[in-house]
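Q: Next up, coords.csv (CSV, N, CA, C and O atoms).
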chain,number,residue,atom,x,y,z
A,276,MET,N,-24.6,-8.4,-1.5
A,276,MET,CA,-23.9,-8.3,-0.2
A,276,MET,C,-22.4,-8.2,-0.5
A,276,MET,O,-21.9,-8.9,-1.4
A,277,VAL,N,-21.7,-7.4,0.2
A,277,VAL,CA,-20.2,-7.2,0.1
A,277,VAL,C,-19.5,-8.3,0.8
A,277,VAL,O,-19.9,-8.6,2.0
A,278,LYS,N,-18.6,-9.0,0.2
A,278,LYS,CA,-17.8,-10.1,0.8
A,278,LYS,C,-16.8,-9.5,1.7
A,278,LYS,O,-16.3,-8.4,1.5
A,279,SER,N,-16.4,-10.3,2.7
A,279,SER,CA,-15.4,-9.8,3.7
A,279,SER,C,-14.0,-9.7,3.0
A,279,SER,O,-13.2,-8.8,3.4
A,280,ASP,N,-13.8,-10.5,1.9
A,280,ASP,CA,-12.5,-10.3,1.2
A,280,ASP,C,-12.4,-8.9,0.6
A,280,ASP,O,-11.4,-8.3,0.5
A,281,ASP,N,-13.6,-8.4,0.0
A,281,ASP,CA,-13.6,-7.1,-0.5
A,281,ASP,C,-13.3,-6.0,0.5
A,281,ASP,O,-12.5,-5.1,0.3
A,282,ILE,N,-13.8,-6.2,1.7
A,282,ILE,CA,-13.6,-5.3,2.8
A,282,ILE,C,-12.1,-5.3,3.2
A,282,ILE,O,-11.5,-4.3,3.5
A,283,ASP,N,-11.6,-6.5,3.3
A,283,ASP,CA,-10.2,-6.7,3.7
A,283,ASP,C,-9.3,-6.0,2.6
A,283,ASP,O,-8.3,-5.3,3.0
A,284,ARG,N,-9.6,-6.2,1.4
A,284,ARG,CA,-8.7,-5.5,0.3
A,284,ARG,C,-8.9,-4.0,0.4
A,284,ARG,O,-7.9,-3.3,0.2
A,285,ALA,N,-10.1,-3.5,0.6
A,285,ALA,CA,-10.3,-2.1,0.8
A,285,ALA,C,-9.5,-1.5,1.9
A,285,ALA,O,-8.8,-0.5,1.8
A,286,GLY,N,-9.4,-2.3,3.0
A,286,GLY,CA,-8.7,-1.9,4.2
A,286,GLY,C,-7.2,-1.8,3.9
A,286,GLY,O,-6.5,-0.9,4.3
A,287,GLU,N,-6.7,-2.8,3.1
A,287,GLU,CA,-5.3,-2.8,2.7
A,287,GLU,C,-4.9,-1.6,1.9
A,287,GLU,O,-3.9,-1.0,2.1
A,288,LEU,N,-5.8,-1.2,1.0
A,288,LEU,CA,-5.6,0.0,0.2
A,288,LEU,C,-5.6,1.3,1.0
A,288,LEU,O,-4.9,2.2,0.7
A,289,VAL,N,-6.4,1.3,2.0
A,289,VAL,CA,-6.4,2.4,3.0
A,289,VAL,C,-5.1,2.5,3.7
A,289,VAL,O,-4.5,3.6,3.8
A,290,ASP,N,-4.6,1.3,4.1
A,290,ASP,CA,-3.3,1.3,4.8
A,290,ASP,C,-2.2,1.8,3.8
A,290,ASP,O,-1.3,2.5,4.2
A,291,LEU,N,-2.3,1.5,2.5
A,291,LEU,CA,-1.3,2.0,1.6
A,291,LEU,C,-1.4,3.5,1.5
A,291,LEU,O,-0.4,4.2,1.4
A,292,GLY,N,-2.6,4.0,1.4
A,292,GLY,CA,-2.8,5.5,1.4
A,292,GLY,C,-2.2,6.2,2.6
A,292,GLY,O,-1.5,7.2,2.5
A,293,ARG,N,-2.3,5.6,3.8
A,293,ARG,CA,-1.7,6.1,5.0
A,293,ARG,C,-0.2,6.1,4.9
A,293,ARG,O,0.5,7.1,5.3
A,294,LEU,N,0.4,5.0,4.4
A,294,LEU,CA,1.8,4.9,4.3
A,294,LEU,C,2.3,6.0,3.3
A,294,LEU,O,3.3,6.7,3.6
A,295,LEU,N,1.7,6.1,2.2
A,295,LEU,CA,2.1,7.1,1.2
A,295,LEU,C,2.0,8.5,1.8
A,295,LEU,O,2.9,9.4,1.5
A,296,THR,N,1.0,8.8,2.6
A,296,THR,CA,0.8,10.1,3.2
A,296,THR,C,2.0,10.3,4.2
A,296,THR,O,2.5,11.4,4.3
A,297,ARG,N,2.3,9.3,5.0
A,297,ARG,CA,3.5,9.5,5.9
A,297,ARG,C,4.7,9.8,5.2
A,297,ARG,O,5.5,10.6,5.6
A,298,TRP,N,4.9,9.0,4.1
A,298,TRP,CA,6.1,9.2,3.3
A,298,TRP,C,6.2,10.7,2.7
A,298,TRP,O,7.2,11.3,2.7
A,299,LEU,N,5.0,11.2,2.3
A,299,LEU,CA,4.9,12.5,1.7
A,299,LEU,C,5.4,13.5,2.7
A,299,LEU,O,6.2,14.4,2.4
A,300,PHE,N,5.0,13.4,4.0
A,300,PHE,CA,5.4,14.4,5.0
A,300,PHE,C,6.8,14.2,5.5
A,300,PHE,O,7.4,15.1,6.2
A,301,HIS,N,7.4,13.0,5.3
A,301,HIS,CA,8.8,12.7,5.8
A,301,HIS,C,9.8,12.4,4.7
A,301,HIS,O,10.8,11.8,4.9
A,302,TRP,N,9.4,12.7,3.4
A,302,TRP,CA,10.2,12.3,2.3
A,302,TRP,C,11.7,12.8,2.4
A,302,TRP,O,12.6,12.0,2.0
A,303,ASP,N,11.9,14.0,2.8
A,303,ASP,CA,13.3,14.5,2.9
A,303,ASP,C,14.1,13.7,3.8
A,303,ASP,O,15.3,13.4,3.5
A,304,ASP,N,13.5,13.3,5.0
A,304,ASP,CA,14.3,12.4,5.9
A,304,ASP,C,14.5,11.0,5.3
A,304,ASP,O,15.6,10.5,5.5
A,305,ILE,N,13.5,10.5,4.6
A,305,ILE,CA,13.7,9.2,4.0
A,305,ILE,C,14.7,9.2,2.9
A,305,ILE,O,15.6,8.3,2.9
A,306,TRP,N,14.7,10.2,2.1
A,306,TRP,CA,15.6,10.3,1.0
A,306,TRP,C,17.0,10.5,1.4
A,306,TRP,O,18.0,10.0,0.8
A,307,SER,N,17.2,11.2,2.5
A,307,SER,CA,18.6,11.5,3.0
A,307,SER,C,19.2,10.4,3.8
A,307,SER,O,20.4,10.4,4.0
A,308,ASP,N,18.5,9.4,4.2
A,308,ASP,CA,19.0,8.3,4.9
A,308,ASP,C,18.9,7.0,4.1
A,308,ASP,O,17.9,6.5,3.7
A,309,SER,N,20.1,6.5,3.8
A,309,SER,CA,20.2,5.3,2.8
A,309,SER,C,19.4,4.1,3.4
A,309,SER,O,18.8,3.4,2.6
A,310,GLU,N,19.4,3.9,4.7
A,310,GLU,CA,18.7,2.7,5.2
A,310,GLU,C,17.2,2.9,5.1
A,310,GLU,O,16.5,2.0,4.7
A,311,GLN,N,16.7,4.1,5.4
A,311,GLN,CA,15.3,4.4,5.3
A,311,GLN,C,14.9,4.3,3.8
A,311,GLN,O,13.8,3.8,3.5
A,312,ARG,N,15.7,4.8,2.9
A,312,ARG,CA,15.4,4.8,1.5
A,312,ARG,C,15.3,3.3,1.0
A,312,ARG,O,14.4,3.0,0.2
A,313,HIS,N,16.2,2.5,1.5
A,313,HIS,CA,16.2,1.1,1.1
A,313,HIS,C,14.9,0.4,1.7
A,313,HIS,O,14.3,-0.4,0.9
A,314,LEU,N,14.5,0.7,2.9
A,314,LEU,CA,13.3,0.2,3.5
A,314,LEU,C,12.1,0.6,2.7
A,314,LEU,O,11.2,-0.2,2.4
A,315,ALA,N,12.1,1.9,2.3
A,315,ALA,CA,11.0,2.4,1.5
A,315,ALA,C,10.9,1.7,0.1
A,315,ALA,O,9.8,1.3,-0.4
A,316,ALA,N,12.1,1.4,-0.5
A,316,ALA,CA,12.1,0.7,-1.8
A,316,ALA,C,11.6,-0.7,-1.6
A,316,ALA,O,10.8,-1.2,-2.4
A,317,SER,N,11.9,-1.3,-0.5
A,317,SER,CA,11.5,-2.7,-0.3
A,317,SER,C,10.0,-2.7,0.0
A,317,SER,O,9.3,-3.6,-0.6
A,318,GLU,N,9.5,-1.8,0.8
A,318,GLU,CA,8.1,-1.7,1.0
A,318,GLU,C,7.3,-1.4,-0.3
A,318,GLU,O,6.2,-2.0,-0.5
A,319,THR,N,7.9,-0.6,-1.1
A,319,THR,CA,7.2,-0.3,-2.4
A,319,THR,C,7.1,-1.5,-3.2
A,319,THR,O,6.0,-1.7,-3.8
A,320,GLN,N,8.1,-2.3,-3.3
A,320,GLN,CA,8.0,-3.6,-4.0
A,320,GLN,C,7.0,-4.5,-3.5
A,320,GLN,O,6.2,-5.1,-4.2
A,321,ASN,N,6.9,-4.6,-2.2
A,321,ASN,CA,5.9,-5.5,-1.5
A,321,ASN,C,4.5,-5.0,-1.9
A,321,ASN,O,3.6,-5.8,-2.2
A,322,TRP,N,4.3,-3.7,-1.7
A,322,TRP,CA,3.0,-3.1,-2.1
A,322,TRP,C,2.6,-3.2,-3.5
A,322,TRP,O,1.4,-3.5,-3.9
A,323,LEU,N,3.6,-3.1,-4.4
A,323,LEU,CA,3.3,-3.3,-5.8
A,323,LEU,C,2.8,-4.7,-6.1
A,323,LEU,O,1.8,-4.8,-6.8
A,324,SER,N,3.4,-5.7,-5.5
A,324,SER,CA,3.0,-7.0,-5.7
A,324,SER,C,1.5,-7.2,-5.1
A,324,SER,O,0.7,-7.8,-5.8
A,325,ARG,N,1.3,-6.7,-4.0
A,325,ARG,CA,-0.1,-6.8,-3.4
A,325,ARG,C,-1.1,-6.1,-4.2
A,325,ARG,O,-2.2,-6.6,-4.4
A,326,VAL,N,-0.8,-4.9,-4.6
A,326,VAL,CA,-1.8,-4.1,-5.4
A,326,VAL,C,-2.1,-4.9,-6.7
A,326,VAL,O,-3.2,-4.9,-7.2
A,327,SER,N,-1.0,-5.4,-7.3
A,327,SER,CA,-1.2,-6.2,-8.5
A,327,SER,C,-2.1,-7.4,-8.3
A,327,SER,O,-3.0,-7.7,-9.1
A,328,GLU,N,-2.0,-8.1,-7.2
A,328,GLU,CA,-2.9,-9.2,-6.8
A,328,GLU,C,-4.3,-8.7,-6.6
A,328,GLU,O,-5.2,-9.4,-7.1
A,329,ILE,N,-4.5,-7.6,-6.0
A,329,ILE,CA,-5.8,-7.1,-5.7
A,329,ILE,C,-6.4,-6.7,-7.1
A,329,ILE,O,-7.6,-7.0,-7.3
A,330,ALA,N,-5.7,-6.1,-8.0
A,330,ALA,CA,-6.2,-5.7,-9.3
A,330,ALA,C,-6.6,-6.9,-10.1
A,330,ALA,O,-7.5,-6.7,-10.9
A,331,ASP,N,-6.0,-8.0,-9.9
A,331,ASP,CA,-6.3,-9.2,-10.7
A,331,ASP,C,-7.5,-9.9,-10.2
A,331,ASP,O,-8.0,-10.8,-10.9
A,332,THR,N,-8.0,-9.6,-9.0
A,332,THR,CA,-9.2,-10.3,-8.5
A,332,THR,C,-10.5,-9.6,-9.1
A,332,THR,O,-10.5,-8.4,-9.3
A,333,GLN,N,-11.5,-10.3,-9.3
A,333,GLN,CA,-12.7,-9.8,-9.8
A,333,GLN,C,-13.6,-9.4,-8.7
A,333,GLN,O,-13.9,-10.2,-7.8
A,334,PRO,N,-14.1,-8.1,-8.7
A,334,PRO,CA,-15.0,-7.7,-7.6
A,334,PRO,C,-16.3,-8.4,-7.6
A,334,PRO,O,-16.8,-8.8,-8.7
A,335,GLU,N,-16.9,-8.7,-6.5
A,335,GLU,CA,-18.2,-9.3,-6.4
A,335,GLU,C,-19.2,-8.3,-6.9
A,335,GLU,O,-19.2,-7.1,-6.5
A,336,SER,N,-20.1,-8.7,-7.8
A,336,SER,CA,-21.1,-7.8,-8.2
A,336,SER,C,-22.1,-7.5,-7.1
A,336,SER,O,-22.5,-8.4,-6.3
A,337,LEU,N,-22.6,-6.3,-7.1
A,337,LEU,CA,-23.5,-5.9,-6.0
A,337,LEU,C,-24.9,-6.2,-6.6
A,337,LEU,O,-25.3,-5.8,-7.7
A,338,SER,N,-25.8,-6.8,-5.8
A,338,SER,CA,-27.1,-7.0,-6.2
A,338,SER,C,-28.0,-6.8,-5.0
A,338,SER,O,-27.7,-7.1,-3.8
A,339,ALA,N,-29.2,-6.3,-5.2
A,339,ALA,CA,-30.1,-6.0,-4.1
A,339,ALA,C,-30.9,-7.2,-3.8
A,339,ALA,O,-31.1,-8.1,-4.4
Translate the structure of the given file into structure tokens.
A:
Amino acid sequence: MVKSDDIDRAGELVDLGRLLTRWLFHWDDIWSDSEQRHLAASETQNWLSRVSEIADTQPESLSA
């Protein structure tokens, strides 16, 4: 059985994918505005920490 923590972590990674996609389509605007660029850098640091935490957790083994 899949634990709810695994589902929550998967959801967080989906959110990260959505954020990166938004950045991809608006990167010129982000890069040209120093405030937006700073916010993106800050968000990147937060996500880096969270993804590192997720990577350090052991996934639950699936059994029938």
Q: Just give me the gap between atom CA of A:Gln311 and atom C of A:Ser327 in Å, one decimal is fine.
A: 25.0 Å
Q: May I ask for the distance between atom N of A:Asp331 and atom CA of A:Leu294, given in Å to one decimal place?
A: 20.7 Å
Q: Separation of atom CA of A:Val326 and atom N of A:Leu288, in Å?
A: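 A separation of 8.1 Å between them.
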Q: I need the alpha helix (DSSP H) residues of chain A per DSSP on the backbone, written as a ChimeraX atom specification.
A: /A:279-307,309-331
